[in-house]
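Asks: My questions will all concern the structure given below.
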Amino acid sequence: MIVADLGCSSGPNTLCFISEVIGIITRYCKEVGLPHDHPQLQFFLNDLPGNDFNNLFKLVEQFNKLAARNHRGEAPPPCYISGLPGSYYTRLFPCQSVHLFHSLFCLHWRSQAPEGVKGTGKTHQHNRDIYITKTTSPTLAKLFQQQFQRDFSLFLKLRYEELVFGGHIILTFIGRKHEDVLSTESNHHLYGLLAQSLQSLVDEGLLKKEKLDSFYLPVYSPSIGEVVAIIEQSGMFNMNHVKLFEIDWDPYYDSESDVVHDSVSSSVNVARCIRAVMEPLIACHFGETILDRLFKEYAHRVAKHLEKEKTKHAVIALSMKKVI
Ligand SMILES: C[S@@+](CC[C@H](N)C(=O)[O-])C[C@H]1O[C@@H](n2cnc3c(N)ncnc32)[C@H](O)[C@@H]1O
C-alpha cells in the first residue's frame, strides 16, 4: 500500500499520521482474522525541496526504533518511509500508483501570489492589503479566488492521475466560515495585522514602501461551498465527508471559552506560529534583518486584537474517493 503525506514539513505531525495509518491497518487485519498478514506499507513524505528533510529523517529513525519496541513479541507491520521533495502542484508519482493521499494544513497555500497583481504594485483602493480584508476591492479578492480555483483544480487532476481506482484523499486546511469572500474572517484579521506591522516598519523607515507594495501572500482560505463546487465540477472524486470546525489562534490554549485569558502570552504564541510559517517567505522578500522587529510588532498588535475579541481559525476537513 502506497501512502503519501503532502506538505509534511520537518516536525513530528507527519509521524502521528503514519502511526495512525499503521494502527488502523493493524486493527483491520486483526478484525478480518488475518493478524499476521499486513500489507507492506510504503510512506512518501513530501514537501518543497527547501524543507529540512535532514531533521525529518532523524525523527523517522527515532520513530522506527520506537515502533520496533512497541511491537515487542509481534512483528511490526512492514513499513518503509522515504522523503519526496517537490511541489504538489506538479506530478510526484507514476500513474495509478498511490492508495492514499493525506495533507494537513497545506492546501490554503497557493502555488504563487495571484496572477495579475504580483509586481504591479498596489493602487490606492487596494489599501496596502497583502491578503483579502473587508476593505479589499472585489477585483483583488477575485484574483485571489481565481488563483485558488486554478491551483485546486490542478491539484485534483494530478492526484487523480496518480491514485489507483478507489484510492482516497484526506485533506485538512484553513478555510472560511462564510461564503462571502469579503466577510470579516479570522484570516483577514491575522494577515491584516501582519500587513499593519509591515506598514509600521515602512513608517519607521526600516522598510522600503515599494517592497511592501509588491508583496502579496500566496494563500487563500476557501469556503466549503467553493471547495465542493470545484470537486464536483471535476467529476473525478466522490466526496465521503466534509466538515468545518474551529480552532484557537493560540494552539497552546484551544478552549471553548469566548475570552482570551492572557492576551499577551497568547499573542506571543500566535506570533511564533505565524513566524514559523511565514518566515522564509518574508525573509526572501524583505530580508532577514527585519524579522525580530516585525514579529515583536506583530505580537503587540495581536495582543491588542485578542483583548477585544477571541478569534479562531476555520478549518475544513474532507475525504474523497477516486471515481471508478
Ligand atoms: C503549515 S505547514 C504544515 C506541515 C505539516 N503538514 C503539519 O501539519 O505539521 C505547511 C507545509 O506545506 C508545505 N508546502 C507549501 N506549499 C507546498 C507545495 N506546493 N508542495 C509541497 N509542500 C508545500 C510547506 O513547505 C510547509 O512545510
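Chain labels A, B, ... are given in the sequence in which chains occur in the C-alpha cells; within each chain residues are numbered consecutively from 1, and ligands are likewise numbered from 1 in the order shown.
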I need the residues in segment 83-183 of chain A that are alpha helix (DSSP H) according to DSSP; give them as a PyMOL selection string.
Replies: chain A and resi 138-162
Asks: What parts of segment 20-236 of chain A does DSSP call strand (DSSP E or B)? I'd like the answer as a PyMOL selection string.
Replies: chain A and resi 41-47+79-85+98-104+109+163-176+219+223
Asks: Could the residues in this selection be saved with N, CA, C and O atoms as a compact mmCIF listing (two decimals), in the first residue's frame?
Replies:
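And here is the file that came out, selection_37.txt:
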```txt
# COMPACT_ATOMS: atom_id res chain seq x y z
N LEU A 41 3.67 -1.50 3.87
CA LEU A 41 3.30 -0.08 3.75
C LEU A 41 4.50 0.74 3.30
O LEU A 41 5.58 0.64 3.89
N GLN A 42 4.30 1.55 2.28
CA GLN A 42 5.36 2.49 1.91
C GLN A 42 4.83 3.91 2.02
O GLN A 42 3.82 4.26 1.39
N PHE A 43 5.51 4.73 2.85
CA PHE A 43 5.10 6.12 3.05
C PHE A 43 6.06 7.04 2.33
O PHE A 43 7.28 6.91 2.48
N PHE A 44 5.51 7.99 1.59
CA PHE A 44 6.32 9.05 0.98
C PHE A 44 6.00 10.35 1.69
O PHE A 44 4.83 10.75 1.74
N LEU A 45 7.04 10.98 2.24
CA LEU A 45 6.86 12.26 2.94
C LEU A 45 7.30 13.37 1.99
O LEU A 45 8.48 13.51 1.67
N ASN A 46 6.31 14.14 1.54
CA ASN A 46 6.59 15.15 0.51
C ASN A 46 6.58 16.56 1.09
O ASN A 46 5.75 16.88 1.94
N ASP A 47 7.50 17.37 0.62
CA ASP A 47 7.45 18.81 0.88
C ASP A 47 8.31 19.49 -0.18
O ASP A 47 8.93 18.81 -1.01
N CYS A 79 7.08 -1.56 7.10
CA CYS A 79 6.80 -0.15 6.81
C CYS A 79 8.08 0.53 6.31
O CYS A 79 9.12 0.43 6.95
N TYR A 80 8.02 1.18 5.19
CA TYR A 80 9.19 1.82 4.57
C TYR A 80 8.86 3.30 4.40
O TYR A 80 7.81 3.64 3.84
N ILE A 81 9.75 4.18 4.90
CA ILE A 81 9.46 5.62 4.88
C ILE A 81 10.53 6.35 4.06
O ILE A 81 11.72 6.18 4.31
N SER A 82 10.10 7.14 3.08
CA SER A 82 11.05 7.89 2.24
C SER A 82 10.63 9.35 2.13
O SER A 82 9.44 9.66 2.25
N GLY A 83 11.62 10.20 1.84
CA GLY A 83 11.34 11.62 1.59
C GLY A 83 11.09 11.84 0.10
O GLY A 83 11.66 11.14 -0.74
N LEU A 84 10.24 12.82 -0.20
CA LEU A 84 9.94 13.11 -1.62
C LEU A 84 9.88 14.62 -1.82
O LEU A 84 8.81 15.24 -1.65
N PRO A 85 11.03 15.24 -2.19
CA PRO A 85 10.99 16.69 -2.41
C PRO A 85 10.30 17.04 -3.73
O PRO A 85 10.48 16.34 -4.72
N VAL A 98 -0.71 5.28 -6.23
CA VAL A 98 -0.87 5.66 -4.82
C VAL A 98 -2.26 5.24 -4.32
O VAL A 98 -3.25 5.39 -5.04
N HIS A 99 -2.31 4.74 -3.07
CA HIS A 99 -3.60 4.32 -2.50
C HIS A 99 -4.23 5.38 -1.62
O HIS A 99 -5.45 5.49 -1.54
N LEU A 100 -3.39 6.16 -0.94
CA LEU A 100 -3.93 7.18 -0.02
C LEU A 100 -3.04 8.42 -0.03
O LEU A 100 -1.84 8.34 0.20
N PHE A 101 -3.69 9.57 -0.27
CA PHE A 101 -3.01 10.87 -0.11
C PHE A 101 -3.56 11.55 1.13
O PHE A 101 -4.79 11.54 1.36
N HIS A 102 -2.65 12.19 1.87
CA HIS A 102 -3.06 12.94 3.05
C HIS A 102 -2.33 14.29 3.00
O HIS A 102 -1.20 14.36 2.53
N SER A 103 -3.00 15.34 3.46
CA SER A 103 -2.30 16.63 3.56
C SER A 103 -2.92 17.43 4.70
O SER A 103 -4.15 17.58 4.76
N LEU A 104 -2.09 17.92 5.59
CA LEU A 104 -2.56 18.62 6.79
C LEU A 104 -2.03 20.06 6.81
O LEU A 104 -0.82 20.28 6.80
N TRP A 109 -2.18 27.17 0.99
CA TRP A 109 -1.05 27.79 0.30
C TRP A 109 -1.25 27.70 -1.19
O TRP A 109 -1.56 26.63 -1.72
N LEU A 163 -3.55 8.40 -8.33
CA LEU A 163 -4.26 7.44 -7.46
C LEU A 163 -4.68 6.19 -8.22
O LEU A 163 -5.05 6.27 -9.39
N VAL A 164 -4.67 5.06 -7.50
CA VAL A 164 -5.28 3.85 -8.06
C VAL A 164 -6.80 4.08 -8.05
O VAL A 164 -7.29 4.94 -7.30
N PHE A 165 -7.55 3.32 -8.85
CA PHE A 165 -9.01 3.46 -8.80
C PHE A 165 -9.49 3.07 -7.41
O PHE A 165 -9.03 2.07 -6.84
N GLY A 166 -10.38 3.87 -6.85
CA GLY A 166 -10.86 3.60 -5.49
C GLY A 166 -9.94 4.18 -4.41
O GLY A 166 -10.24 4.07 -3.23
N GLY A 167 -8.81 4.79 -4.82
CA GLY A 167 -7.89 5.39 -3.86
C GLY A 167 -8.52 6.61 -3.19
O GLY A 167 -9.47 7.19 -3.72
N HIS A 168 -7.99 6.98 -2.03
CA HIS A 168 -8.59 8.06 -1.22
C HIS A 168 -7.67 9.27 -1.04
O HIS A 168 -6.44 9.13 -1.05
N ILE A 169 -8.31 10.41 -0.81
CA ILE A 169 -7.57 11.63 -0.43
C ILE A 169 -8.21 12.18 0.84
O ILE A 169 -9.43 12.29 0.92
N ILE A 170 -7.36 12.52 1.82
CA ILE A 170 -7.86 13.17 3.04
C ILE A 170 -7.15 14.51 3.18
O ILE A 170 -5.91 14.56 3.24
N LEU A 171 -7.92 15.59 3.22
CA LEU A 171 -7.32 16.93 3.26
C LEU A 171 -7.86 17.73 4.45
O LEU A 171 -9.06 17.70 4.72
N THR A 172 -6.96 18.44 5.12
CA THR A 172 -7.36 19.37 6.19
C THR A 172 -6.61 20.68 5.93
O THR A 172 -5.39 20.65 5.77
N PHE A 173 -7.33 21.78 5.85
CA PHE A 173 -6.65 23.06 5.59
C PHE A 173 -7.48 24.22 6.12
O PHE A 173 -8.65 24.05 6.45
N ILE A 174 -6.84 25.38 6.19
CA ILE A 174 -7.53 26.56 6.72
C ILE A 174 -8.55 27.04 5.68
O ILE A 174 -8.22 27.22 4.50
N GLY A 175 -9.78 27.21 6.15
CA GLY A 175 -10.84 27.65 5.23
C GLY A 175 -11.52 28.91 5.73
O GLY A 175 -10.96 29.64 6.57
N ARG A 176 -12.74 29.10 5.22
CA ARG A 176 -13.51 30.32 5.55
C ARG A 176 -14.90 29.89 5.97
O ARG A 176 -15.47 28.98 5.36
N VAL A 219 -1.64 32.82 -0.36
CA VAL A 219 -2.55 31.96 0.40
C VAL A 219 -3.99 32.28 -0.02
O VAL A 219 -4.25 33.32 -0.63
N SER A 223 -14.20 28.78 1.12
CA SER A 223 -15.36 28.31 1.88
C SER A 223 -15.61 26.85 1.48
O SER A 223 -15.10 26.40 0.43
```
Asks: Quick one: residues within 12 Å of Lys310 of chain A, only C-alpha atoms, excluding same-chain residues fewer than 4 positions away - as a list of chain:residue names?
Replies: A:Ser186, A:His189, A:Leu190, A:Glu246, A:Ile247, A:Asp248, A:Trp249, A:Asp250, A:Tyr253, A:Asp254, A:Ser255, A:Glu256, A:Ser257, A:Asp258, A:Val259, A:Val260, A:His261, A:Asp262, A:Ser263, A:Ser266, A:Ser267, A:Val302, A:Ala303, A:Lys304, A:His305, A:Leu306
Asks: Please identify the residues whose atoms come within 10 Å of ligand 1, using only C-alpha atoms and all ligand atoms, and report them as number ranges by chain.
Replies: A: 5-17, 45-52, 84-90, 92, 102-112, 151, 155, 172-174, 218-219, 273-274, 276-278, 280
Asks: So how far away is atom CA of Leu201 of chain A from atom CA of Arg293 of chain A, in Å?
Replies: 8.3 Å
Asks: Can you list, as a PyMOL selection string, every protein, DNA or RNA residue that comes within 12 Å of segment 284-292 of chain A when you count only C-alpha atoms, leaving out same-chain residues fewer than 5 positions away?
Replies: chain A and resi 119+194+197-198+200-202+204-217+271-272+274-276+278-279+297-299
Asks: For Ile25 of chain A, please output as a list of chain:residue names all residues within 10 Å (counting only C-alpha atoms; exclusion window: fewer than 2 positions along the same chain).
Replies: A:Ser19, A:Glu20, A:Val21, A:Ile22, A:Gly23, A:Arg27, A:Tyr28, A:Cys29, A:Lys30, A:Glu31, A:Pro35, A:His38, A:Pro39, A:Leu41, A:Pro77
Asks: Do a neighbour search on Asn238 of chain A at 7 Å with only C-alpha atoms, toss out local chain neighbours closer than 5 positions, and write the hits as a VMD selection string.
Replies: chain A and resid 320 to 323
Asks: Now that the selection is made, can you save its residues with C-alpha atoms as an mmCIF file, in the first residue's frame?
Replies:
```cif
data_model
loop_
_atom_site.group_PDB
_atom_site.id
_atom_site.type_symbol
_atom_site.label_atom_id
_atom_site.label_comp_id
_atom_site.auth_asym_id
_atom_site.auth_seq_id
_atom_site.Cartn_x
_atom_site.Cartn_y
_atom_site.Cartn_z
ATOM 1 C CA MET A 320 -12.957 11.735 -1.048
ATOM 2 C CA LYS A 321 -12.543 8.688 -3.225
ATOM 3 C CA LYS A 322 -11.383 8.460 -6.835
ATOM 4 C CA VAL A 323 -14.338 7.506 -9.020
#
```
Asks: For the contact check between segment 152-267 of chain A and segment 139-147 of chain A, emit one row per residue of segment 152-267 of chain A within 8 Å, containing the shortest atom pair and the distance in Å rounded to one decimal, counting only C-alpha atoms, chain then rising number order, as a tab-separated table.
Replies:
```
residue	atom	partner	partner_atom	distance
A:Val181	CA	A:Ala141	CA	7.1
A:Leu182	CA	A:Ala141	CA	7.5
A:Val219	CA	A:Phe144	CA	7.9
A:Tyr220	CA	A:Phe144	CA	6.5
A:Pro222	CA	A:Gln145	CA	7.8
```
Asks: Rank nothing, just name the residue among A:Leu294, A:Ile2, A:Leu156, A:Val268 nearest to Ile231 of chain A, using only C-alpha atoms.
Replies: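 Nearest candidate to Ile231 of chain A out of A:Leu294, A:Ile2, A:Leu156, A:Val268: A:Leu156.
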Asks: I want to know what sits within 8 Å of Ala195 of chain A, based on only C-alpha atoms, with residues of the same chain fewer than 2 positions away left out; could you give that as a PyMOL selection string?
Replies: chain A and resi 128-130+191-193+197-199
